[in-house]
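**Student:** Below is the file query37.tsv, with TSV, C-alpha atoms and all ligand atoms.
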chain	number	residue	atom	x	y	z
A	1	MET	CA	85.40	110.55	81.11
A	2	LYS	CA	83.72	107.24	80.54
A	3	TYR	CA	86.06	104.67	79.10
A	4	ASN	CA	84.36	101.41	79.94
A	5	ASN	CA	80.93	99.86	80.34
A	6	LEU	CA	81.84	97.95	83.46
A	7	ILE	CA	79.35	97.65	86.26
A	8	ILE	CA	81.00	96.50	89.45
A	9	THR	CA	78.99	94.12	91.57
A	10	ARG	CA	81.34	93.65	94.53
A	11	ALA	CA	84.91	94.08	95.73
A	12	LYS	CA	87.15	92.12	98.08
A	13	ASP	CA	90.82	92.70	98.92
A	14	GLN	CA	92.70	93.58	95.69
A	15	PHE	CA	89.90	92.49	93.36
A	16	LEU	CA	86.83	94.03	91.79
A	17	TYR	CA	84.09	91.78	90.43
A	18	SER	CA	81.69	92.43	87.62
A	19	GLY	CA	79.43	89.41	87.86
A	20	LYS	CA	81.83	86.53	87.40
A	21	ARG	CA	84.59	88.66	85.93
A	22	LYS	CA	87.49	89.17	88.37
A	23	ILE	CA	89.59	92.29	87.93
A	24	LEU	CA	92.87	93.12	89.64
A	25	ASP	CA	92.44	96.57	91.11
A	26	PHE	CA	95.35	99.03	91.22
A	27	SER	CA	93.05	101.94	91.92
A	28	LEU	CA	91.57	100.68	95.18
A	29	SER	CA	89.04	103.45	95.48
A	30	SER	CA	91.39	106.06	93.97
A	31	GLY	CA	94.05	105.26	96.54
A	32	ALA	CA	91.78	105.24	99.59
A	33	MET	CA	91.72	101.51	100.43
A	34	ILE	CA	95.31	100.96	101.47
A	35	LEU	CA	94.36	97.71	103.25
A	36	GLY	CA	92.15	96.47	100.40
A	37	HIS	CA	88.42	96.29	99.75
A	38	SER	CA	86.25	94.93	102.56
A	39	ASN	CA	89.37	94.24	104.59
A	40	LYS	CA	89.16	92.74	108.09
A	41	VAL	CA	89.58	96.05	109.94
A	42	TYR	CA	86.87	97.73	107.87
A	43	CYS	CA	84.38	94.84	108.25
A	44	LYS	CA	84.93	94.46	112.02
A	45	SER	CA	84.69	98.18	112.57
A	46	LEU	CA	81.49	98.59	110.57
A	47	ASN	CA	79.93	95.63	112.33
A	48	GLU	CA	80.71	97.08	115.75
A	49	GLN	CA	79.01	100.35	114.87
A	50	LEU	CA	76.13	98.87	112.90
A	51	ASN	CA	73.57	98.85	115.72
A	52	LYS	CA	74.78	102.03	117.34
A	53	GLY	CA	73.48	104.47	114.74
A	54	SER	CA	75.13	106.25	111.86
A	55	ASN	CA	74.70	109.92	112.71
A	56	TYR	CA	73.87	111.83	115.92
A	57	SER	CA	74.33	115.45	114.77
A	58	ASN	CA	76.44	115.98	117.86
A	59	LYS	CA	79.99	115.34	119.00
A	60	ASN	CA	80.42	111.58	119.36
A	61	ILE	CA	82.80	109.25	121.16
A	62	ASN	CA	84.48	107.91	117.99
A	63	GLU	CA	85.21	111.43	116.83
A	64	VAL	CA	86.68	112.33	120.24
A	65	ASN	CA	88.89	109.22	120.30
A	66	PHE	CA	89.99	109.75	116.70
A	67	VAL	CA	91.10	113.31	117.46
A	68	LYS	CA	93.06	112.11	120.52
A	69	SER	CA	94.85	109.58	118.36
A	70	LEU	CA	95.51	112.09	115.56
A	71	GLN	CA	96.88	114.63	118.03
A	72	LYS	CA	99.64	112.22	119.06
A	73	LYS	CA	100.81	111.83	115.47
A	74	PHE	CA	100.30	115.36	114.15
A	75	LYS	CA	101.52	117.34	117.14
A	76	GLU	CA	101.96	120.63	115.25
A	77	PHE	CA	98.19	121.03	115.01
A	78	ASN	CA	95.44	121.49	117.58
A	79	ASN	CA	92.41	121.78	115.31
A	80	PHE	CA	91.11	118.73	113.46
A	81	ILE	CA	88.02	119.63	111.45
A	82	PHE	CA	86.03	116.69	110.10
A	83	SER	CA	84.16	116.67	106.81
A	84	ASN	CA	83.12	114.07	104.26
A	85	SER	CA	85.70	114.28	101.47
A	86	GLY	CA	88.98	115.77	100.35
A	87	SER	CA	87.09	118.47	98.46
A	88	GLU	CA	85.21	119.51	101.59
A	89	ALA	CA	88.39	119.50	103.65
A	90	ASN	CA	89.87	121.85	101.07
A	91	ILE	CA	86.87	124.19	101.10
A	92	ARG	CA	87.35	124.52	104.86
A	93	ALA	CA	91.07	125.16	104.43
A	94	LEU	CA	90.35	127.93	101.97
A	95	ARG	CA	87.94	129.56	104.40
A	96	ILE	CA	90.48	129.35	107.23
A	97	SER	CA	93.17	130.95	105.06
A	98	ARG	CA	91.05	133.87	104.00
A	99	THR	CA	89.87	134.40	107.56
A	100	ALA	CA	93.44	134.36	108.83
A	101	ASN	CA	94.78	137.11	106.59
A	102	ASN	CA	91.89	138.63	104.68
A	103	LYS	CA	93.72	138.47	101.34
A	104	GLU	CA	92.10	137.43	98.08
A	105	ILE	CA	94.42	135.40	95.94
A	106	VAL	CA	95.02	131.68	96.23
A	107	ALA	CA	98.17	130.52	94.48
A	108	MET	CA	97.97	126.95	93.34
A	109	VAL	CA	100.41	124.72	91.54
A	110	ASN	CA	99.67	123.57	88.02
A	111	GLY	CA	98.81	119.92	87.68
A	112	SER	CA	97.49	119.68	91.22
A	113	TRP	CA	94.05	118.24	91.83
A	114	HIS	CA	92.25	119.57	94.88
A	115	GLY	CA	88.85	118.06	94.17
A	116	SER	CA	85.90	119.01	92.06
A	117	ILE	CA	85.71	122.52	93.51
A	118	ASP	CA	85.12	125.55	91.30
A	119	ASN	CA	87.90	127.48	93.07
A	120	PHE	CA	90.64	125.10	91.97
A	121	MET	CA	89.77	123.65	88.58
A	122	PHE	CA	92.39	125.48	86.52
A	123	ASP	CA	95.57	124.64	84.70
A	124	PHE	CA	98.07	126.26	82.34
A	125	LYS	CA	97.04	125.98	78.73
A	126	SER	CA	99.06	123.38	76.88
A	127	GLY	CA	101.66	124.69	74.52
A	128	LYS	CA	105.41	124.73	74.15
A	129	LYS	CA	106.10	126.48	77.43
A	130	ILE	CA	104.35	127.64	80.56
A	131	ILE	CA	102.86	131.09	80.05
A	132	PRO	CA	101.64	132.43	83.38
A	133	ASN	CA	98.65	134.37	82.07
A	134	LYS	CA	97.39	131.59	79.77
A	135	ILE	CA	95.13	129.71	82.10
A	136	LYS	CA	92.24	127.44	81.25
A	137	SER	CA	89.44	126.11	83.39
A	138	LEU	CA	89.03	122.35	83.49
A	139	SER	CA	85.28	122.45	83.00
A	140	SER	CA	82.65	124.55	81.38
A	141	GLY	CA	80.67	126.52	83.91
A	142	ILE	CA	83.81	127.71	85.68
A	143	GLU	CA	85.23	131.15	84.99
A	144	TYR	CA	88.87	131.94	85.60
A	145	SER	CA	89.43	135.17	87.51
A	146	LYS	CA	92.92	136.45	88.18
A	147	LYS	CA	91.52	138.31	91.18
A	148	ASN	CA	91.15	135.00	92.97
A	149	ILE	CA	93.51	132.45	91.56
A	150	LEU	CA	97.11	132.36	90.45
A	151	LEU	CA	98.92	129.41	88.96
A	152	ILE	CA	102.56	128.60	89.59
A	153	PRO	CA	104.56	125.86	87.85
A	154	TYR	CA	105.46	122.75	89.90
A	155	ASN	CA	109.19	122.28	90.44
A	156	ASP	CA	110.15	125.45	88.56
A	157	ILE	CA	111.56	127.69	91.28
A	158	LYS	CA	112.70	130.46	88.96
A	159	LEU	CA	109.38	131.04	87.21
A	160	THR	CA	107.42	130.50	90.42
A	161	LYS	CA	109.44	133.21	92.15
A	162	LYS	CA	108.91	135.59	89.26
A	163	ILE	CA	105.12	135.11	89.40
A	164	LEU	CA	104.93	135.27	93.19
A	165	ASP	CA	107.10	138.40	93.37
A	166	LYS	CA	104.59	140.20	91.19
A	167	TYR	CA	101.53	139.33	93.30
A	168	HIS	CA	102.76	138.40	96.78
A	169	LYS	CA	101.04	141.26	98.63
A	170	LYS	CA	97.63	139.98	97.59
A	171	ILE	CA	98.30	136.27	98.08
A	172	SER	CA	96.51	134.71	101.03
A	173	VAL	CA	97.72	131.15	100.65
A	174	ILE	CA	99.77	128.80	98.51
A	175	VAL	CA	98.18	125.40	98.19
A	176	ILE	CA	100.15	122.45	96.91
A	177	GLU	CA	99.88	118.72	96.60
A	178	PRO	CA	103.47	118.25	97.84
A	179	ILE	CA	103.91	115.08	95.83
A	180	GLN	CA	101.54	115.29	92.91
A	181	CYS	CA	99.67	112.19	91.98
A	182	GLY	CA	99.85	113.62	88.44
A	183	ILE	CA	103.65	113.60	88.65
A	184	PRO	CA	105.01	111.61	91.55
A	185	TYR	CA	108.47	113.20	91.39
A	186	LYS	CA	110.82	112.20	94.19
A	187	LYS	CA	113.03	115.26	94.06
A	188	SER	CA	110.34	117.86	94.79
A	189	ASN	CA	111.89	118.69	98.16
A	190	ASP	CA	113.82	121.76	96.92
A	191	TYR	CA	110.67	123.27	95.47
A	192	LEU	CA	108.73	122.65	98.68
A	193	LYS	CA	111.52	124.16	100.81
A	194	PHE	CA	111.59	127.19	98.52
A	195	LEU	CA	107.82	127.67	98.98
A	196	GLU	CA	108.16	127.31	102.75
A	197	LYS	CA	110.86	129.99	102.90
A	198	TYR	CA	108.97	132.28	100.54
A	199	CYS	CA	105.74	131.97	102.52
A	200	ARG	CA	107.51	132.73	105.82
A	201	SER	CA	109.23	135.81	104.42
A	202	LYS	CA	106.08	137.24	102.83
A	203	LYS	CA	103.56	136.17	105.48
A	204	ILE	CA	101.69	133.90	103.10
A	205	ILE	CA	99.94	130.81	104.44
A	206	LEU	CA	101.35	127.48	103.26
A	207	TRP	CA	98.84	124.68	102.86
A	208	PHE	CA	99.70	121.12	101.93
A	209	ASP	CA	96.92	119.08	100.34
A	210	GLU	CA	97.89	115.58	101.46
A	211	VAL	CA	94.59	113.96	100.54
A	212	ILE	CA	96.43	111.32	98.48
A	213	THR	CA	99.70	111.12	100.41
A	214	GLY	CA	98.27	111.14	103.96
A	215	ILE	CA	98.90	107.79	105.72
A	216	ARG	CA	100.11	106.25	102.44
A	217	VAL	CA	103.66	107.65	102.62
A	218	LYS	CA	106.48	107.09	105.09
A	219	ASP	CA	105.96	109.21	108.25
A	220	TYR	CA	102.22	109.49	107.40
A	221	ALA	CA	102.65	112.76	105.48
A	222	VAL	CA	105.09	114.36	103.07
A	223	TYR	CA	105.42	117.42	105.33
A	224	LYS	CA	106.71	115.21	108.17
A	225	GLN	CA	108.98	113.20	105.92
A	226	PHE	CA	110.54	116.34	104.37
A	227	LYS	CA	110.52	118.27	107.66
A	228	ILE	CA	108.50	121.19	106.32
A	229	LYS	CA	105.98	123.11	108.40
A	230	PRO	CA	102.82	123.99	106.48
A	231	ASP	CA	100.23	126.08	108.31
A	232	ILE	CA	97.34	123.95	107.09
A	233	VAL	CA	97.20	120.31	106.03
A	234	THR	CA	94.24	118.53	104.48
A	235	PHE	CA	93.69	114.78	104.54
A	236	ALA	CA	90.98	112.36	103.33
A	237	LYS	CA	91.06	109.00	101.42
A	238	CYS	CA	93.03	106.53	103.63
A	239	PHE	CA	91.93	108.39	106.78
A	240	GLY	CA	88.36	107.20	106.23
A	241	GLY	CA	89.49	103.58	105.85
A	242	GLY	CA	86.84	103.15	103.14
A	243	MET	CA	84.23	105.57	104.47
A	244	PRO	CA	83.78	109.18	103.34
A	245	LEU	CA	85.91	111.38	105.57
A	246	GLY	CA	87.89	114.59	105.21
A	247	LEU	CA	90.15	116.35	107.71
A	248	THR	CA	91.46	119.90	107.89
A	249	LEU	CA	94.35	120.46	110.30
A	250	PHE	CA	95.55	123.84	111.50
A	251	ASN	CA	96.89	125.46	114.63
A	252	SER	CA	94.84	128.07	116.51
A	253	LYS	CA	97.86	130.38	116.37
A	254	LEU	CA	97.06	130.91	112.70
A	255	ILE	CA	93.91	132.85	113.55
A	256	LYS	CA	94.85	134.08	117.01
A	257	ASN	CA	94.61	137.79	116.16
A	258	ASN	CA	91.35	137.36	114.38
A	259	LYS	CA	88.05	138.03	116.07
A	260	LYS	CA	86.01	136.76	113.15
A	261	LYS	CA	84.14	133.54	113.68
A	262	ILE	CA	84.78	130.73	111.22
A	263	PHE	CA	81.76	128.55	110.74
A	264	PHE	CA	81.71	125.02	109.30
A	265	GLY	CA	78.47	123.12	108.77
A	266	GLY	CA	77.85	119.58	107.50
A	267	THR	CA	75.06	117.08	108.26
A	268	PHE	CA	77.34	114.06	108.15
A	269	SER	CA	80.64	115.69	109.15
A	270	GLY	CA	82.39	113.63	111.83
A	271	ASN	CA	79.61	111.02	111.84
A	272	PRO	CA	80.18	108.04	114.16
A	273	LEU	CA	80.35	105.49	111.32
A	274	SER	CA	83.10	107.20	109.30
A	275	THR	CA	85.07	108.20	112.38
A	276	LYS	CA	84.85	104.66	113.79
A	277	VAL	CA	86.19	103.05	110.61
A	278	GLY	CA	88.73	105.85	110.21
A	279	LEU	CA	89.97	105.49	113.79
A	280	ASP	CA	90.21	101.69	113.65
A	281	THR	CA	92.05	101.83	110.32
A	282	PHE	CA	94.44	104.49	111.66
A	283	THR	CA	95.08	102.39	114.78
A	284	PHE	CA	95.80	99.29	112.67
A	285	VAL	CA	98.12	101.24	110.37
A	286	LYS	CA	100.00	102.73	113.35
A	287	ARG	CA	100.59	99.27	114.81
A	288	ASN	CA	101.77	97.88	111.46
A	289	LYS	CA	103.25	100.90	109.70
A	290	LYS	CA	106.76	99.49	109.23
A	291	LYS	CA	105.40	96.26	107.81
A	292	ILE	CA	102.98	98.10	105.50
A	293	ASP	CA	105.66	100.51	104.23
A	294	LYS	CA	108.12	97.67	103.66
A	295	HIS	CA	105.59	95.62	101.71
A	296	ILE	CA	104.28	98.38	99.44
A	297	ASN	CA	107.75	99.78	98.80
A	298	TYR	CA	109.08	96.35	97.89
A	299	LEU	CA	106.25	95.86	95.40
A	300	SER	CA	106.45	99.32	93.88
A	301	ASN	CA	110.25	99.09	93.54
A	302	LEU	CA	109.79	95.78	91.77
A	303	LEU	CA	107.38	97.35	89.28
A	304	GLU	CA	109.62	100.36	88.70
A	305	ASN	CA	112.86	98.38	88.34
A	306	GLU	CA	111.45	95.68	86.07
A	307	ILE	CA	109.64	98.03	83.69
A	308	ASN	CA	112.29	100.73	83.58
A	309	SER	CA	115.20	98.37	82.94
A	310	TYR	CA	113.13	96.57	80.28
A	311	CYS	CA	112.37	99.87	78.53
A	312	LYS	CA	115.97	101.02	78.80
A	313	ASN	CA	117.31	97.81	77.24
A	314	LYS	CA	114.75	97.89	74.44
A	315	LYS	CA	115.06	101.66	73.96
A	316	ILE	CA	111.34	102.18	74.54
A	317	ASN	CA	110.21	105.67	75.49
A	318	PHE	CA	108.28	104.68	78.56
A	319	LYS	CA	108.87	104.53	82.27
A	320	ILE	CA	107.21	104.10	85.62
A	321	GLN	CA	107.75	107.15	87.77
A	322	LYS	CA	106.79	106.81	91.39
A	323	PHE	CA	106.87	108.20	94.87
A	324	GLU	CA	106.73	105.22	97.20
A	325	SER	CA	103.42	103.46	96.43
A	326	ILE	CA	102.06	106.10	94.02
A	327	ALA	CA	103.22	105.05	90.55
A	328	ARG	CA	102.46	106.52	87.14
A	329	PRO	CA	103.17	105.55	83.56
A	330	ILE	CA	105.20	108.21	81.72
A	331	PHE	CA	105.41	108.05	77.94
A	332	SER	CA	109.00	109.18	77.80
A	333	SER	CA	112.32	107.87	79.07
A	334	LEU	CA	113.04	111.29	80.58
A	335	GLU	CA	112.51	112.18	84.19
A	336	ILE	CA	109.46	114.44	84.22
A	337	ASN	CA	109.00	116.94	87.03
A	338	ASN	CA	105.90	118.83	85.96
A	339	ARG	CA	102.60	117.71	84.52
A	340	PHE	CA	102.91	120.33	81.84
A	341	TYR	CA	105.95	118.50	80.45
A	342	ARG	CA	104.31	115.12	80.90
A	343	GLU	CA	101.58	116.22	78.53
A	344	LYS	CA	104.11	116.87	75.79
A	345	PHE	CA	104.54	113.11	75.63
A	346	ASP	CA	100.90	112.26	76.24
A	347	PRO	CA	98.85	114.93	74.47
A	348	ASN	CA	95.22	114.99	75.53
A	349	PHE	CA	95.93	112.01	77.78
A	350	GLU	CA	95.54	109.76	74.70
A	351	ASN	CA	98.34	107.32	75.54
A	352	SER	CA	97.13	107.03	79.12
A	353	LEU	CA	93.62	106.20	77.95
A	354	LYS	CA	94.93	103.64	75.45
A	355	LEU	CA	96.93	102.01	78.22
A	356	LYS	CA	93.98	101.98	80.57
A	357	LYS	CA	91.74	100.31	77.99
A	358	TYR	CA	94.39	97.72	77.16
A	359	LEU	CA	94.97	96.89	80.82
A	360	LEU	CA	91.25	96.49	81.40
A	361	LYS	CA	91.06	93.97	78.57
A	362	LYS	CA	93.62	92.04	80.60
A	363	ASN	CA	91.51	92.47	83.74
A	364	ILE	CA	93.64	95.14	85.35
A	365	PHE	CA	91.93	98.27	86.62
A	366	ILE	CA	93.82	101.50	87.28
A	367	SER	CA	92.63	104.80	88.69
A	368	SER	CA	90.79	107.33	86.56
A	369	ASN	CA	93.87	109.58	86.45
A	370	CYS	CA	95.95	106.60	85.33
A	371	CYS	CA	97.88	106.10	88.57
A	372	PHE	CA	98.72	102.75	90.11
A	373	PHE	CA	98.23	102.69	93.86
A	374	ILE	CA	100.23	99.80	95.23
A	375	SER	CA	98.66	98.69	98.47
A	376	PHE	CA	99.06	96.36	101.42
A	377	CYS	CA	96.68	93.80	99.91
A	378	HIS	CA	98.69	93.40	96.70
A	379	THR	CA	101.01	90.44	96.30
A	380	GLU	CA	104.22	89.79	94.38
A	381	LYS	CA	102.14	87.67	91.99
A	382	ASP	CA	99.86	90.65	91.26
A	383	ILE	CA	102.84	92.84	90.45
A	384	TYR	CA	104.39	90.24	88.15
A	385	TYR	CA	101.09	89.90	86.34
A	386	LEU	CA	101.02	93.68	85.82
A	387	ILE	CA	104.69	93.69	84.75
A	388	ASN	CA	104.12	90.97	82.17
A	389	VAL	CA	101.04	92.65	80.73
A	390	LEU	CA	102.92	95.97	80.51
A	391	LYS	CA	105.91	94.33	78.84
A	392	LYS	CA	103.66	92.71	76.29
A	393	ILE	CA	102.02	95.94	75.26
A	394	LEU	CA	105.35	97.82	75.27
A	395	SER	CA	107.00	95.17	73.07
A	396	LYS	CA	104.27	95.76	70.46
A	397	ASN	CA	105.27	99.40	70.05
A	398	TYR	CA	101.75	100.26	71.04
A	399	PHE	CA	102.30	103.96	71.86
B	1	LIG	C1	95.28	115.74	96.28
B	1	LIG	C2	93.79	115.66	96.28
B	1	LIG	N1	93.09	116.61	96.89
B	1	LIG	C3	91.75	116.57	96.94
B	1	LIG	C4	91.04	115.55	96.35
B	1	LIG	C5	89.55	115.52	96.41
B	1	LIG	O1	89.15	114.52	97.29
B	1	LIG	P1	87.66	113.92	97.18
B	1	LIG	O2	87.57	113.23	95.89
B	1	LIG	O3	87.57	113.03	98.39
B	1	LIG	O4	86.74	115.08	97.28
B	1	LIG	C6	91.73	114.52	95.71
B	1	LIG	C7	91.00	113.43	95.06
B	1	LIG	O5	91.50	112.67	94.30
B	1	LIG	C8	93.14	114.59	95.67
B	1	LIG	O6	93.85	113.64	95.04
Take the structure in this file and express it as C-alpha cells.
**Tutor:**
Amino acid sequence: MKYNNLIITRAKDQFLYSGKRKILDFSLSSGAMILGHSNKVYCKSLNEQLNKGSNYSNKNINEVNFVKSLQKKFKEFNNFIFSNSGSEANIRALRISRTANNKEIVAMVNGSWHGSIDNFMFDFKSGKKIIPNKIKSLSSGIEYSKKNILLIPYNDIKLTKKILDKYHKKISVIVIEPIQCGIPYKKSNDYLKFLEKYCRSKKIILWFDEVITGIRVKDYAVYKQFKIKPDIVTFAKCFGGGMPLGLTLFNSKLIKNNKKKIFFGGTFSGNPLSTKVGLDTFTFVKRNKKKIDKHINYLSNLLENEINSYCKNKKINFKIQKFESIARPIFSSLEINNRFYREKFDPNFENSLKLKKYLLKKNIFISSNCCFFISFCHTEKDIYYLINVLKKILSKNYF
C-alpha cells in the first residue's frame, strides 16, 4: 500500500535521503541492513568484486567460501541452497518438503509472512475468534484450497493440536516464522517446542522461516537460541549484507530414502557479487557478534522501557513489544501473542498507518509492516529522538 510520495535519492548508515531531506531509517531495507546503508563492509566488498564480474553461471569461489563458513555455524545442515530472496528460498523449501514425504498439505501459522508467494498468502478472516475454516487470501488472484494449505493459530497450542489432529496424515510440513515480525512475542518457546514434538511424533517436516531473524538474533537463529531442531531453515535479508540472497538449509538425511531428483534453477542464484558481500558481512558479524548484540539490545531495551513505562504511567493503551531488535507498536497495553488478537486493537491496520504517516512527518521511516528494526548503525541519540516523537503523539491521544 502506498502511503507516501517519497522518492529516495540515496542512503548512508541509518539515514535515507530524498534530495536534501534527511530521514532516520528504522526499516533499513526491511531489516536486511543490520550494519547500515552503504556500510564499510558492503562498500569494500563490492569494490573488491567490481572488476571480477557479477555472474558466471557456474559454481564460484565466493559461493564455496561462504558455504564453508556457514557450515561451521549451522552444523546440523549439509545442504546450503542459494537463491535471490527469502521468497525463493521458501519456494525451494516447499519443493524439498514435498519431495521428502510426498504429502500435499502445508500447515502454516496465521500472521506469518513467507514472501509474496501464492502458496502462502493466506490468513484467518478477522472476527471475534479464530475459526479454522474461515480463511482469506491476502490478494486477489489467489485461490484458497484446503487440499494444499492449512492454517494454525500462533501460540495457541490447544486449537493448533485440534486442527493438526484432524489432518496430520496429509500434512507434509509445518512452516513457521518462529518469532513473527508481525508479533515479536518473547514467550513463543512453548509453542515452538510443542510443534517440534508434534512433528517428530507424526513424521511431519518442521521448517523454520528465519528470513527476518537469521543473523539478527542472539545465536544467529531462533532455532539455535531455543535449542529446537527444524528439518529445514530458510534465511535471506541480513545474509546478503545488502545484496539479494536467499538460503535454504536442510540435511541430506531428510531425502535419503528418496530417489527422486530435486531440481533448482536460477540465473543469478549464488552469483559471485551477492555471495561476496554476504560472506564478508557474515565474517564481520561473526567477529563482532557480541558487540553488535549488546549494542542493539541496549537500544531496543531503551525504546521498550521508556515508551512502556510512559504509557503505563499515563494509562495509554499502547506499548512496544519486541524480540531483541525487532520491535513493534501495539495499540493495547496487553501482551499480545497472536496477530489475530493484535488486529482487534488495530482494525485494518489503521492505527499503524496513522503512526507511520505521523513518524514520516517527523522524518522517521519505519518498515512497511510497521516494525522498527534496531540496528548496529543506530545511536542512543536516534532512539531518544524516536522516543520523544512517540511520546508527543501518544500524549495527544492520537489513537
Ligand atoms: C519471515 C519472512 N519470510 C520470507 C520473506 C520474503 O523475503 P523476500 O522479500 O526477500 O522475498 C520475508 C520478507 O519480509 C519474511 O519476513
**Student:** Could you check the closest approach to ligand LIG 1 (chain B) for each of A:Ala100, A:Cys311, A:Ile61, A:Ile326 and tell me which residue wins, using only C-alpha atoms and all ligand atoms?
**Tutor:**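 Distance minimum relative to ligand LIG 1 (chain B) lands on A:Ile326.
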**Student:** Around ligand LIG 1 (chain B), at most 8 Å away and counting only C-alpha atoms and all ligand atoms, which residues are there? Put them as an mmCIF file with C-alpha atoms, in the coordinates of the input, please.
**Tutor:**
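That gives us selection.cif:
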data_model
loop_
_atom_site.group_PDB
_atom_site.id
_atom_site.type_symbol
_atom_site.label_atom_id
_atom_site.label_comp_id
_atom_site.auth_asym_id
_atom_site.auth_seq_id
_atom_site.Cartn_x
_atom_site.Cartn_y
_atom_site.Cartn_z
ATOM 1 C CA SER A 30 91.390 106.060 93.970
ATOM 2 C CA ASN A 84 83.120 114.070 104.260
ATOM 3 C CA SER A 85 85.700 114.280 101.470
ATOM 4 C CA GLY A 86 88.980 115.770 100.350
ATOM 5 C CA SER A 87 87.090 118.470 98.460
ATOM 6 C CA GLU A 88 85.210 119.510 101.590
ATOM 7 C CA ALA A 89 88.390 119.500 103.650
ATOM 8 C CA ASN A 90 89.870 121.850 101.070
ATOM 9 C CA SER A 112 97.490 119.680 91.220
ATOM 10 C CA TRP A 113 94.050 118.240 91.830
ATOM 11 C CA HIS A 114 92.250 119.570 94.880
ATOM 12 C CA GLY A 115 88.850 118.060 94.170
ATOM 13 C CA SER A 116 85.900 119.010 92.060
ATOM 14 C CA GLU A 177 99.880 118.720 96.600
ATOM 15 C CA GLN A 180 101.540 115.290 92.910
ATOM 16 C CA CYS A 181 99.670 112.190 91.980
ATOM 17 C CA ASP A 209 96.920 119.080 100.340
ATOM 18 C CA GLU A 210 97.890 115.580 101.460
ATOM 19 C CA VAL A 211 94.590 113.960 100.540
ATOM 20 C CA ILE A 212 96.430 111.320 98.480
ATOM 21 C CA THR A 213 99.700 111.120 100.410
ATOM 22 C CA THR A 234 94.240 118.530 104.480
ATOM 23 C CA PHE A 235 93.690 114.780 104.540
ATOM 24 C CA ALA A 236 90.980 112.360 103.330
ATOM 25 C CA LYS A 237 91.060 109.000 101.420
ATOM 26 C CA PRO A 244 83.780 109.180 103.340
ATOM 27 C CA LEU A 245 85.910 111.380 105.570
ATOM 28 C CA GLY A 246 87.890 114.590 105.210
#
**Student:** List the neighbours of stretch 258-264 of chain A out to 9 Å using all atoms listed in the file; skip same-chain residues closer than 3 positions along the sequence, and give me the result as a count of residues only.
**Tutor:** 9
**Student:** Using only C-alpha atoms, give me every residue within 9 Å of (91.0, 101.7, 84.2) in file coordinates, as a ChimeraX atom specification.
**Tutor:** /A:3-4,25-27,353,355-360,364-370
**Student:** Between A:Leu192, A:Leu394, A:Ile330, A:Ile307, which is the closest to A:Tyr223 once you count all atoms listed in the file?
**Tutor:**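 With all atoms listed in the file as the atom set, the closest residue is A:Leu192.
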**Student:** Please compute the atom CA of A:Ser309-atom CA of A:Pro347 distance, one decimal, in Å.
**Tutor:**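 We find that atom CA of A:Ser309 and atom CA of A:Pro347 lie 24.8 Å from each other.
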